[in-house]
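Undergrad: Sharing structure-v4.txt (compact mmCIF, C-alpha atoms (C1' of nucleotides)) below.
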```txt
# COMPACT_ATOMS: atom_id res chain seq x y z
CA MET A 115 3.03 -12.39 37.36
CA LYS A 116 4.47 -8.94 36.88
CA HIS A 117 7.07 -8.36 34.21
CA SER A 118 9.55 -5.56 33.63
CA ASP A 119 9.47 -3.04 30.79
CA ASP A 120 12.55 -4.73 29.37
CA TYR A 121 10.80 -8.07 29.30
CA PHE A 122 7.86 -6.67 27.37
CA ARG A 123 10.08 -4.61 25.07
CA ARG A 124 12.09 -7.66 24.16
CA LEU A 125 8.91 -9.62 23.49
CA ALA A 126 7.40 -6.84 21.40
CA PHE A 127 10.57 -6.41 19.37
CA ASP A 128 11.18 -10.07 18.70
CA GLU A 129 7.57 -10.94 17.91
CA ALA A 130 6.74 -7.75 16.00
CA PRO A 131 4.68 -8.33 12.85
CA THR A 132 7.27 -6.47 10.75
CA GLY A 133 10.95 -7.12 10.21
CA LEU A 134 13.04 -4.73 12.31
CA VAL A 135 16.75 -4.11 12.13
CA LEU A 136 19.17 -1.53 13.49
CA THR A 137 22.42 -0.89 11.63
CA GLU A 138 25.55 1.10 12.41
CA ASN A 139 27.25 2.06 9.15
CA ARG A 140 25.45 -0.80 7.49
CA ILE A 141 26.48 -3.36 10.12
CA ILE A 142 23.55 -5.17 11.75
CA ARG A 143 23.61 -4.54 15.50
CA ILE A 144 20.23 -6.03 16.32
CA CYS A 145 17.35 -7.49 14.35
CA ASN A 146 14.19 -9.36 15.21
CA ARG A 147 12.95 -12.81 14.28
CA ARG A 148 10.66 -11.58 11.53
CA PHE A 149 13.54 -9.84 9.75
CA ALA A 150 15.74 -12.92 9.92
CA GLU A 151 12.83 -15.10 8.73
CA LEU A 152 12.12 -12.84 5.76
CA LEU A 153 15.64 -13.50 4.50
CA GLY A 154 15.89 -17.12 5.55
CA TYR A 155 18.34 -16.69 8.41
CA HIS A 156 18.40 -16.98 12.18
CA VAL A 157 18.87 -13.86 14.26
CA GLU A 158 22.24 -15.11 15.57
CA ASP A 159 23.51 -15.54 12.00
CA LEU A 160 22.94 -11.88 11.30
CA LEU A 161 24.23 -10.06 14.39
CA ASN A 162 27.29 -7.93 13.59
CA GLN A 163 27.15 -8.94 9.95
CA SER A 164 27.39 -6.33 7.21
CA PHE A 165 24.38 -5.76 4.94
CA ARG A 166 26.88 -6.65 2.23
CA ILE A 167 25.94 -10.32 2.69
CA PHE A 168 22.57 -9.60 1.13
CA TYR A 169 24.04 -8.34 -2.13
CA GLY A 170 25.65 -10.08 -5.04
CA SER A 171 28.52 -7.69 -5.60
CA ASP A 172 30.39 -4.80 -4.01
CA GLU A 173 29.10 -2.49 -6.73
CA GLU A 174 25.49 -3.37 -6.00
CA PHE A 175 26.10 -2.93 -2.28
CA GLU A 176 27.71 0.46 -2.85
CA SER A 177 25.17 1.79 -5.31
CA ILE A 178 22.17 0.88 -3.16
CA ARG A 179 23.61 2.94 -0.34
CA ASP A 180 22.68 6.27 -1.87
CA VAL A 181 19.04 5.41 -2.57
CA GLY A 182 16.99 7.59 -0.28
CA LEU A 183 20.07 9.07 1.37
CA SER A 184 19.09 12.67 0.65
CA LYS A 185 15.61 12.03 2.02
CA LEU A 186 17.17 10.63 5.19
CA GLN A 187 19.27 13.75 5.57
CA GLU A 188 16.41 16.13 4.95
CA THR A 189 13.58 14.49 6.82
CA GLY A 190 15.22 11.76 8.90
CA GLY A 191 13.05 9.15 7.21
CA TYR A 192 12.70 7.28 3.95
CA THR A 193 10.19 4.79 2.62
CA ASP A 194 9.61 2.87 -0.60
CA GLU A 195 8.59 -0.53 -1.91
CA ARG A 196 11.48 -2.85 -2.49
CA LEU A 197 12.25 -6.38 -3.53
CA ILE A 198 14.17 -8.46 -1.06
CA ARG A 199 15.39 -11.91 -1.85
CA HIS A 200 14.92 -14.80 0.53
CA ARG A 201 17.90 -17.11 0.90
CA SER A 202 15.89 -19.69 -1.07
CA GLY A 203 15.85 -17.32 -4.04
CA GLN A 204 12.24 -16.25 -3.70
CA GLY A 205 11.61 -12.55 -4.21
CA ILE A 206 9.47 -10.78 -1.62
CA TRP A 207 8.07 -7.28 -2.12
CA CYS A 208 8.25 -5.26 1.04
CA GLN A 209 7.09 -1.93 2.26
CA PHE A 210 10.42 -0.54 3.41
CA ARG A 211 10.83 2.19 6.04
CA ALA A 212 14.03 3.68 7.35
CA ARG A 213 14.69 6.20 10.09
CA THR A 214 18.07 7.65 10.90
CA LEU A 215 19.01 8.51 14.47
CA ASN A 216 21.30 11.27 13.22
CA PRO A 217 20.34 13.09 10.01
CA ASP A 218 23.78 14.71 9.86
CA ALA A 219 25.39 11.28 9.55
CA PRO A 220 22.49 9.39 8.00
CA LEU A 221 24.01 5.93 7.94
CA GLU A 222 25.66 6.03 11.34
CA ARG A 223 22.60 4.53 12.94
CA VAL A 224 19.50 3.53 11.03
CA VAL A 225 16.42 1.62 12.13
CA MET A 226 14.64 -0.12 9.27
CA SER A 227 11.38 -1.98 9.00
CA PHE A 228 10.36 -4.47 6.30
CA ALA A 229 6.72 -5.47 5.92
CA PRO A 230 5.64 -7.86 3.14
CA ILE A 231 3.13 -6.35 0.76
CA ASN A 232 -0.01 -8.44 0.93
CA GLU A 233 -1.22 -8.81 -2.67
CA ALA A 234 -4.30 -10.77 -1.70
CA GLN A 235 -5.48 -8.19 0.79
CA THR A 236 -9.25 -8.09 1.02
CA LEU A 237 -9.35 -4.54 2.26
CA ARG A 238 -7.69 -2.18 -0.17
CA LEU A 239 -8.88 1.38 -0.19
CA SER A 240 -8.15 4.04 -2.77
CA LYS A 241 -6.98 7.49 -1.81
CA ARG A 242 -10.42 8.96 -2.45
CA GLU A 243 -12.09 6.25 -0.42
CA ARG A 244 -9.79 7.01 2.50
CA GLN A 245 -10.52 10.73 2.23
CA VAL A 246 -14.25 10.16 2.28
CA LEU A 247 -14.12 7.64 5.12
CA ASP A 248 -11.98 10.03 7.14
CA LEU A 249 -14.59 12.76 6.81
CA MET A 250 -17.45 10.33 7.41
CA ASN A 251 -15.64 9.43 10.61
CA GLN A 252 -15.94 13.07 11.57
CA ARG A 253 -19.73 12.76 11.25
CA LEU A 254 -19.94 14.88 8.13
CA THR A 255 -22.76 14.33 5.66
CA SER A 256 -22.19 13.64 1.96
CA LYS A 257 -22.99 17.26 1.20
CA GLU A 258 -20.42 18.50 3.71
CA ILE A 259 -17.80 16.04 2.53
CA ALA A 260 -18.40 17.16 -1.05
CA ARG A 261 -17.83 20.78 -0.12
CA ARG A 262 -14.63 19.95 1.73
CA LEU A 263 -13.23 17.99 -1.20
CA GLY A 264 -14.60 20.29 -3.91
CA LEU A 265 -16.74 17.60 -5.45
CA SER A 266 -20.41 17.01 -6.23
CA PRO A 267 -22.41 15.37 -3.41
CA ARG A 268 -23.41 12.82 -6.01
CA THR A 269 -19.80 11.71 -6.30
CA ILE A 270 -19.55 11.11 -2.57
CA ASP A 271 -22.61 8.87 -2.85
CA ASP A 272 -20.78 7.00 -5.58
CA VAL A 273 -17.87 6.35 -3.26
CA ARG A 274 -20.20 5.21 -0.48
CA GLY A 275 -22.10 2.98 -2.89
CA ARG A 276 -18.88 1.44 -4.14
CA LEU A 277 -17.76 0.62 -0.60
CA ILE A 278 -21.16 -0.84 0.28
CA LYS A 279 -21.12 -3.10 -2.77
CA ARG A 280 -17.46 -4.11 -2.49
CA PHE A 281 -17.63 -5.06 1.16
CA GLY A 282 -21.20 -6.36 1.19
CA LEU A 283 -22.55 -3.92 3.74
CA ARG A 284 -25.92 -2.35 4.37
CA ARG A 285 -24.54 1.06 5.24
CA ALA A 286 -21.20 2.69 4.52
CA GLU A 287 -21.08 3.50 8.23
CA ASP A 288 -20.61 -0.20 8.98
CA LEU A 289 -17.19 -0.11 7.35
CA LEU A 290 -16.05 2.66 9.68
CA SER A 291 -16.82 0.65 12.79
CA GLN A 292 -14.35 -1.93 11.50
CA LEU A 293 -11.67 0.57 10.60
CA ARG A 294 -11.51 2.76 13.65
CA GLY A 295 -8.13 1.62 14.91
CA ALA A 296 -8.09 4.23 17.62
CA SER A 297 -10.33 7.25 17.94
CA HIS A 298 -11.81 9.35 20.68
CA MET B 857 32.31 1.89 22.43
CA LYS B 858 30.68 -1.51 22.63
CA HIS B 859 27.01 -1.78 23.52
CA SER B 860 24.88 -4.68 24.66
CA ASP B 861 22.13 -6.38 22.69
CA ASP B 862 19.65 -4.88 25.12
CA TYR B 863 20.94 -1.39 24.44
CA PHE B 864 20.53 -1.82 20.70
CA ARG B 865 17.16 -3.54 21.05
CA ARG B 866 15.85 -0.70 23.14
CA LEU B 867 17.12 1.83 20.60
CA ALA B 868 15.66 -0.09 17.66
CA PHE B 869 12.30 -0.48 19.37
CA ASP B 870 11.98 3.11 20.53
CA GLU B 871 13.20 4.68 17.29
CA ALA B 872 11.50 2.24 14.91
CA PRO B 873 9.89 3.89 11.87
CA THR B 874 6.56 2.24 12.70
CA GLY B 875 4.38 2.48 15.78
CA LEU B 876 4.78 -0.66 17.91
CA VAL B 877 2.71 -1.76 20.86
CA LEU B 878 2.30 -4.93 22.90
CA THR B 879 -0.99 -5.53 24.70
CA GLU B 880 -2.17 -8.10 27.23
CA ASN B 881 -5.93 -8.47 26.98
CA ARG B 882 -6.03 -5.02 25.40
CA ILE B 883 -3.91 -3.40 28.12
CA ILE B 884 -0.81 -1.65 26.80
CA ARG B 885 2.29 -3.21 28.38
CA ILE B 886 4.88 -1.50 26.21
CA CYS B 887 4.83 0.83 23.22
CA ASN B 888 7.40 2.86 21.38
CA ARG B 889 7.74 6.60 20.75
CA ARG B 890 6.33 6.44 17.24
CA PHE B 891 3.12 4.81 18.49
CA ALA B 892 2.65 7.39 21.23
CA GLU B 893 3.39 10.19 18.74
CA LEU B 894 0.85 8.91 16.23
CA LEU B 895 -1.86 9.31 18.85
CA GLY B 896 -0.53 12.49 20.44
CA TYR B 897 0.63 10.99 23.73
CA HIS B 898 3.88 10.30 25.54
CA VAL B 899 4.95 6.72 26.10
CA GLU B 900 4.62 7.09 29.87
CA ASP B 901 0.99 8.21 29.48
CA LEU B 902 0.11 4.97 27.77
CA LEU B 903 1.86 2.25 29.79
CA ASN B 904 -0.65 -0.04 31.51
CA GLN B 905 -3.56 1.87 30.02
CA SER B 906 -6.41 0.04 28.33
CA PHE B 907 -6.96 0.51 24.59
CA ARG B 908 -10.36 1.68 25.74
CA ILE B 909 -8.95 5.20 26.07
CA PHE B 910 -8.73 5.41 22.28
CA TYR B 911 -12.44 4.81 21.78
CA GLY B 912 -15.45 6.97 22.29
CA SER B 913 -17.71 4.41 23.92
CA ASP B 914 -17.71 0.98 25.52
CA GLU B 915 -19.75 -0.36 22.60
CA GLU B 916 -17.23 0.82 20.06
CA PHE B 917 -14.40 -0.62 22.12
CA GLU B 918 -16.20 -3.95 22.41
CA SER B 919 -17.24 -4.22 18.77
CA ILE B 920 -13.79 -3.45 17.40
CA ARG B 921 -12.38 -6.34 19.38
CA ASP B 922 -13.74 -8.99 17.06
CA VAL B 923 -12.43 -7.46 13.84
CA GLY B 924 -9.80 -9.84 12.55
CA LEU B 925 -10.12 -12.12 15.57
CA SER B 926 -10.80 -15.23 13.52
CA LYS B 927 -7.81 -14.46 11.30
CA LEU B 928 -5.65 -14.15 14.40
CA GLN B 929 -6.83 -17.54 15.61
CA GLU B 930 -6.31 -19.24 12.28
CA THR B 931 -3.07 -17.71 11.10
CA GLY B 932 -1.68 -15.89 14.12
CA GLY B 933 -1.66 -12.65 12.15
CA TYR B 934 -4.01 -9.99 10.87
CA THR B 935 -3.53 -6.90 8.74
CA ASP B 936 -5.71 -4.16 7.29
CA GLU B 937 -5.82 -0.43 6.67
CA ARG B 938 -7.38 1.53 9.49
CA LEU B 939 -8.10 5.04 10.57
CA ILE B 940 -6.59 6.13 13.84
CA ARG B 941 -7.36 9.45 15.38
CA HIS B 942 -4.67 11.68 16.78
CA ARG B 943 -5.47 13.38 20.06
CA SER B 944 -5.78 16.64 18.10
CA GLY B 945 -8.65 15.13 16.14
CA GLN B 946 -6.74 14.56 12.91
CA GLY B 947 -7.41 11.23 11.25
CA ILE B 948 -4.41 9.18 10.13
CA TRP B 949 -4.69 6.17 7.83
CA CYS B 950 -2.38 3.40 8.89
CA GLN B 951 -1.29 0.06 7.61
CA PHE B 952 -2.15 -2.04 10.63
CA ARG B 953 -0.54 -5.36 11.48
CA ALA B 954 -1.21 -7.60 14.44
CA ARG B 955 0.43 -10.79 15.59
CA THR B 956 -0.75 -12.88 18.49
CA LEU B 957 1.70 -14.75 20.68
CA ASN B 958 -0.90 -17.40 21.40
CA PRO B 959 -3.46 -18.21 18.67
CA ASP B 960 -5.51 -20.22 21.17
CA ALA B 961 -6.05 -17.08 23.26
CA PRO B 962 -5.68 -14.47 20.54
CA LEU B 963 -5.96 -11.37 22.67
CA GLU B 964 -3.88 -12.57 25.60
CA ARG B 965 -0.76 -11.07 24.09
CA VAL B 966 -0.73 -9.18 20.81
CA VAL B 967 2.02 -7.19 19.15
CA MET B 968 0.71 -4.54 16.77
CA SER B 969 2.36 -2.21 14.31
CA PHE B 970 0.93 1.00 12.86
CA ALA B 971 2.56 2.59 9.81
CA PRO B 972 1.09 5.73 8.25
CA ILE B 973 0.05 5.28 4.63
CA ASN B 974 2.05 7.70 2.56
CA GLU B 975 -0.38 9.15 0.02
CA ALA B 976 2.24 11.26 -1.70
CA GLN B 977 4.57 8.35 -2.26
CA THR B 978 6.64 8.75 -5.39
CA LEU B 979 7.15 5.07 -5.84
CA ARG B 980 3.89 3.18 -6.13
CA LEU B 981 3.96 -0.04 -8.08
CA SER B 982 0.99 -2.05 -9.29
CA LYS B 983 0.74 -5.77 -8.73
CA ARG B 984 1.66 -6.47 -12.36
CA GLU B 985 4.63 -4.12 -12.17
CA ARG B 986 5.90 -5.95 -9.11
CA GLN B 987 5.49 -9.32 -10.81
CA VAL B 988 7.43 -8.19 -13.85
CA LEU B 989 10.19 -6.53 -11.81
CA ASP B 990 10.52 -9.65 -9.69
CA LEU B 991 11.12 -11.77 -12.78
CA MET B 992 13.40 -9.13 -14.34
CA ASN B 993 15.38 -9.37 -11.13
CA GLN B 994 15.82 -13.06 -11.90
CA ARG B 995 17.44 -12.08 -15.21
CA LEU B 996 14.55 -13.27 -17.31
CA THR B 997 13.89 -11.70 -20.73
CA SER B 998 10.55 -10.19 -21.71
CA LYS B 999 9.75 -13.34 -23.66
CA GLU B 1000 10.46 -15.56 -20.67
CA ILE B 1001 8.52 -13.31 -18.31
CA ALA B 1002 5.58 -13.39 -20.70
CA ARG B 1003 5.57 -17.18 -20.74
CA ARG B 1004 5.70 -17.34 -16.95
CA LEU B 1005 2.79 -14.95 -16.56
CA GLY B 1006 0.80 -16.26 -19.52
CA LEU B 1007 0.93 -12.95 -21.37
CA SER B 1008 2.15 -11.62 -24.69
CA PRO B 1009 5.81 -10.46 -24.73
CA ARG B 1010 4.43 -7.21 -26.09
CA THR B 1011 2.57 -6.65 -22.82
CA ILE B 1012 5.75 -7.06 -20.78
CA ASP B 1013 7.33 -4.38 -22.97
CA ASP B 1014 4.37 -2.17 -22.13
CA VAL B 1015 5.02 -2.59 -18.42
CA ARG B 1016 8.72 -1.84 -18.88
CA GLY B 1017 7.91 1.19 -21.01
CA ARG B 1018 5.47 2.48 -18.41
CA LEU B 1019 8.06 2.19 -15.66
CA ILE B 1020 10.69 3.92 -17.79
CA LYS B 1021 8.38 6.82 -18.55
CA ARG B 1022 6.98 7.13 -15.04
CA PHE B 1023 10.33 7.15 -13.30
CA GLY B 1024 12.28 8.97 -15.98
CA LEU B 1025 14.78 6.21 -16.66
CA ARG B 1026 16.75 5.08 -19.68
CA ARG B 1027 16.36 1.39 -18.97
CA ALA B 1028 13.87 -0.53 -16.84
CA GLU B 1029 16.90 -2.23 -15.29
CA ASP B 1030 17.81 1.03 -13.59
CA LEU B 1031 14.72 0.80 -11.43
CA LEU B 1032 15.75 -2.60 -10.14
CA SER B 1033 19.09 -1.37 -8.90
CA GLN B 1034 17.16 1.03 -6.69
CA LEU B 1035 14.71 -1.56 -5.43
CA ARG B 1036 16.91 -4.44 -4.51
CA GLY B 1037 16.52 -4.17 -0.76
CA ALA B 1038 18.41 -7.35 -0.13
CA SER B 1039 19.35 -10.00 -2.66
CA HIS B 1040 22.13 -12.48 -3.19
C1' DG C 808 -45.91 16.63 7.22
C1' DT C 809 -42.01 18.23 4.97
C1' DT C 810 -37.15 18.34 4.76
C1' DT C 811 -32.78 15.98 4.94
C1' DC C 812 -29.88 12.07 4.44
C1' DA C 813 -28.49 7.73 2.68
C1' DT C 814 -29.31 4.44 -0.48
C1' DG C 815 -30.51 2.35 -5.12
C1' DC C 816 -30.85 2.51 -10.03
C1' DC C 817 -30.84 4.79 -14.56
C1' DG C 818 -27.61 7.13 -17.48
C1' DT C 819 -22.77 9.57 -19.49
C1' DA C 820 -17.84 10.87 -19.56
C1' DT C 821 -12.78 10.78 -18.61
C1' DT C 822 -8.57 8.72 -17.03
C1' DT C 823 -5.53 4.95 -16.00
C1' DA C 824 -3.89 0.30 -16.11
C1' DT C 825 -3.85 -3.61 -18.62
C1' DA C 826 -3.29 -6.28 -22.83
C1' DC C 827 -2.30 -6.85 -27.45
C1' DG C 828 -0.75 -5.93 -32.56
C1' DG C 829 2.66 -3.99 -35.92
C1' DT C 830 7.06 -1.88 -37.07
C1' DA C 831 11.52 0.45 -36.61
C1' DT C 832 15.92 1.34 -34.29
C1' DT C 833 19.90 0.53 -31.44
C1' DG C 834 23.29 -2.27 -29.22
C1' DA C 835 25.19 -6.46 -27.73
C1' DT C 836 26.48 -10.96 -28.87
C1' DA C 837 26.81 -15.10 -31.07
C1' DT D 1398 26.87 -10.20 -40.41
C1' DA D 1399 22.68 -11.99 -38.63
C1' DT D 1400 19.99 -12.51 -34.53
C1' DC D 1401 17.97 -11.25 -30.31
C1' DA D 1402 16.75 -8.08 -26.55
C1' DA D 1403 15.20 -3.79 -25.29
C1' DT D 1404 13.39 0.38 -26.50
C1' DA D 1405 10.31 3.71 -29.14
C1' DC D 1406 6.19 4.83 -31.43
C1' DC D 1407 1.98 3.83 -34.18
C1' DG D 1408 -2.52 1.82 -33.31
C1' DT D 1409 -6.99 -0.73 -30.75
C1' DA D 1410 -9.66 -2.67 -26.87
C1' DT D 1411 -11.37 -3.65 -22.18
C1' DA D 1412 -12.04 -2.94 -17.17
C1' DA D 1413 -12.05 -0.14 -13.14
C1' DA D 1414 -12.01 4.15 -10.66
C1' DT D 1415 -13.53 8.61 -10.69
C1' DA D 1416 -16.95 12.21 -11.40
C1' DC D 1417 -21.31 13.86 -12.50
C1' DG D 1418 -26.57 14.09 -13.59
C1' DG D 1419 -31.45 12.69 -12.67
C1' DC D 1420 -34.97 10.29 -10.01
C1' DA D 1421 -37.18 7.24 -6.58
C1' DT D 1422 -37.54 5.24 -1.89
C1' DG D 1423 -37.34 4.76 3.08
C1' DA D 1424 -36.10 6.38 7.53
C1' DA D 1425 -35.06 9.71 10.73
C1' DA D 1426 -35.22 14.69 12.22
C1' DC D 1427 -37.54 18.85 12.78
```
With the file now loaded, output its structure as structure tokens.
TA:
Amino acid sequence: MKHSDDYFRRLAFDEAPTGLVLTENRIIRICNRRFAELLGYHVEDLLNQSFRIFYGSDEEFESIRDVGLSKLQETGGYTDERLIRHRSGQGIWCQFRARTLNPDAPLERVVMSFAPINEAQTLRLSKRERQVLDLMNQRLTSKEIARRLGLSPRTIDDVRGRLIKRFGLRRAEDLLSQLRGASH
Amino acid sequence: MKHSDDYFRRLAFDEAPTGLVLTENRIIRICNRRFAELLGYHVEDLLNQSFRIFYGSDEEFESIRDVGLSKLQETGGYTDERLIRHRSGQGIWCQFRARTLNPDAPLERVVMSFAPINEAQTLRLSKRERQVLDLMNQRLTSKEIARRLGLSPRTIDDVRGRLIKRFGLRRAEDLLSQLRGASH
DNA sequence: GTTTCATGCCGTATTTATACGGTATTGATA
DNA sequence: TATCAATACCGTATAAATACGGCATGAAAC
């Protein structure tokens, strides 16, 4: 069976692993299932509702508006970690991302994504570990990586050793073959 | 001007702040602009292409398939940090999330999201900081928070003090008013 | 066969987050 | 006015990540 682009787009949007919502001047125009779930609603409950319903007071609703506004104007995007509250009262920490469709009128149309922060994540890499793995992925040796990062080759071996121990591998290379999400 | 749900859904999907892609047995059926951009392509280049094009060899393409497969079967979802490679050769670390539409045939239909990890993020909270802020958000005092977490009240004050210093605030409360993404 | 690379094990040092103690001050509130 | 909450500043202690050094081994490359 062959499906249309629209069919697949609708599927992808609704079943996306992150909460997605588009607002016009803080009014929800569309959101997906995951977003509604995160807050304890159904999608139909939220369409054409103001974001005001998520806040306890007008003041709170007003003051939150300006958080990240300048970033939206300058770069078109904004991201932080924030605490949303499920209808049941439970707090949920989310990686929050916003993108404005018009930086000159930042709140006119905004697409936001909310992804729960997974505390119990097995795979958590530090900045240094990501740097080293990136360069390992480019087939550089420890010595070359060290030069690039201005460190001792010994330190790169430390990072490799740490990864090997932490993830129970034989070679640091083995981690890369799990992490290459897309590469040529 | 009044627009249809489909219009808004299309806008939200295409302009989402995270890369989104739906695959059927690892064939791309739909993806958004951000996803194509992350890899250096245009959306039209990618439609109905196999994910194979992102990998250097058949072996790599095959071996990556099984990463997270069991998690997809068990829970319907999988997330990790992975390194994607832009067409230009630049490596980009992404927070990767996958959700299968059918856990019994995990790869039949999968929606994936790719969000670049922002190394230079100003706001980075530790697990403990998130726990304390969550409970502060519930109007608990340091003493009450300490009891909940099985810690000394003194330690909660430490966390508050750290946040105040790090973010240049007068009161730890001030951070919360910036982080309440949605609460009642 | 010698060099190179990755790994493994020995050590030291610094920084940061966490956790705790005491004490003092301010501001709200009972 | 007395109490409590939050803050500020003094201290100590541990654990983990980072960074570096030396040295030994095994495997692959030249």
Undergrad: Counting all atoms listed in the file, which of D:DA1399, D:DC1406, D:DA1416, D:DC1427 gets nearest to chain B?
TA: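 The answer is D:DC1406, which sits nearest to chain B.
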Undergrad: Show me, as JSON lines, the residues of chain B having an atom within 6 Å of chain A, each with the closest atom pair and its distance in Å, using all atoms listed in the file.
TA:
```
{"residue": "B:Ala868", "atom": "CA", "partner": "A:Leu136", "partner_atom": "CA", "distance": 5.6}
{"residue": "B:Ala872", "atom": "CA", "partner": "A:Val225", "partner_atom": "CA", "distance": 5.7}
{"residue": "B:Pro873", "atom": "CA", "partner": "A:Arg213", "partner_atom": "CA", "distance": 5.6}
{"residue": "B:Leu878", "atom": "CA", "partner": "A:Ala126", "partner_atom": "CA", "distance": 5.6}
{"residue": "B:Phe910", "atom": "CA", "partner": "A:Ala296", "partner_atom": "CA", "distance": 4.8}
{"residue": "B:Tyr911", "atom": "CA", "partner": "A:His298", "partner_atom": "CA", "distance": 4.7}
{"residue": "B:Gly912", "atom": "CA", "partner": "A:His298", "partner_atom": "CA", "distance": 4.6}
{"residue": "B:Arg938", "atom": "CA", "partner": "A:Leu293", "partner_atom": "CA", "distance": 4.5}
{"residue": "B:Leu939", "atom": "CA", "partner": "A:Arg294", "partner_atom": "CA", "distance": 5.1}
{"residue": "B:Ile940", "atom": "CA", "partner": "A:Ala296", "partner_atom": "CA", "distance": 4.5}
{"residue": "B:Arg941", "atom": "CA", "partner": "A:Ser297", "partner_atom": "CA", "distance": 4.5}
{"residue": "B:Arg955", "atom": "CA", "partner": "A:Pro131", "partner_atom": "CA", "distance": 5.6}
{"residue": "B:Val967", "atom": "CA", "partner": "A:Ala130", "partner_atom": "CA", "distance": 5.7}
{"residue": "B:Leu1035", "atom": "CA", "partner": "A:Arg196", "partner_atom": "CA", "distance": 4.6}
{"residue": "B:Arg1036", "atom": "CA", "partner": "A:Leu197", "partner_atom": "CA", "distance": 5.1}
{"residue": "B:Gly1037", "atom": "CA", "partner": "A:Ile198", "partner_atom": "CA", "distance": 4.9}
{"residue": "B:Ala1038", "atom": "CA", "partner": "A:Ile198", "partner_atom": "CA", "distance": 4.5}
{"residue": "B:Ser1039", "atom": "CA", "partner": "A:Arg199", "partner_atom": "CA", "distance": 4.5}
{"residue": "B:His1040", "atom": "CA", "partner": "A:Gly170", "partner_atom": "CA", "distance": 4.6}
```
Undergrad: Give me the residues near DT811 of chain C as a list in words, where near means some atom within 10 Å (using only C-alpha atoms (C1' of nucleotides)) and where sequence neighbours in that chain fewer than 2 positions away do not count.
TA: DT809 and DA813 of chain C; DA1425, DA1426 and DC1427 of chain D
Undergrad: Do you have the atom C1' of DC1407 of chain D-atom C1' of DT836 of chain C distance handy?
TA: 29.1 Å
Undergrad: Step by step, gather every atom of segment 817-823 of chain C that the file lists, find the box along x, y and z that holds them, add 6 Å on each side, and finally give centre and edge lengths in Å to one decimal, as lines of an AutoDock Vina configuration file.
TA:
```
center_x = -18.2
center_y = 7.8
center_z = -17.1
size_x = 37.3
size_y = 18.1
size_z = 17.0
```
Undergrad: Using only C-alpha atoms (C1' of nucleotides), find which residues of chain D lie within 12 Å of chain B and jot them down as a JSON list (two decimals) with C-alpha atoms (C1' of nucleotides), in the coordinates of the input.
TA:
```json
[["chain", "number", "residue", "atom", "x", "y", "z"],
["D", 1401, "DC", "C1'", 17.97, -11.25, -30.31],
["D", 1402, "DA", "C1'", 16.75, -8.08, -26.55],
["D", 1403, "DA", "C1'", 15.20, -3.79, -25.29],
["D", 1404, "DT", "C1'", 13.39, 0.38, -26.50],
["D", 1405, "DA", "C1'", 10.31, 3.71, -29.14],
["D", 1406, "DC", "C1'", 6.19, 4.83, -31.43]]
```
Undergrad: Using only C-alpha atoms (C1' of nucleotides) and a distance of at most 9 Å, pull out the residues of chain C that contact chain A, as number ranges by chain.
TA: C: 812-815
Undergrad: Determine the nearest neighbour of DA1410 of chain D from the options C:DC816, C:DT832, C:DA826, C:DA837, counting only C-alpha atoms (C1' of nucleotides).
TA: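 Checking each candidate against DA1410 of chain D, we get C:DA826 as the closest.
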Undergrad: At what distance in Å, to one decimal, does atom CA of Asn139 of chain A lie from atom CA of Glu222 of chain A?
TA: 4.8 Å
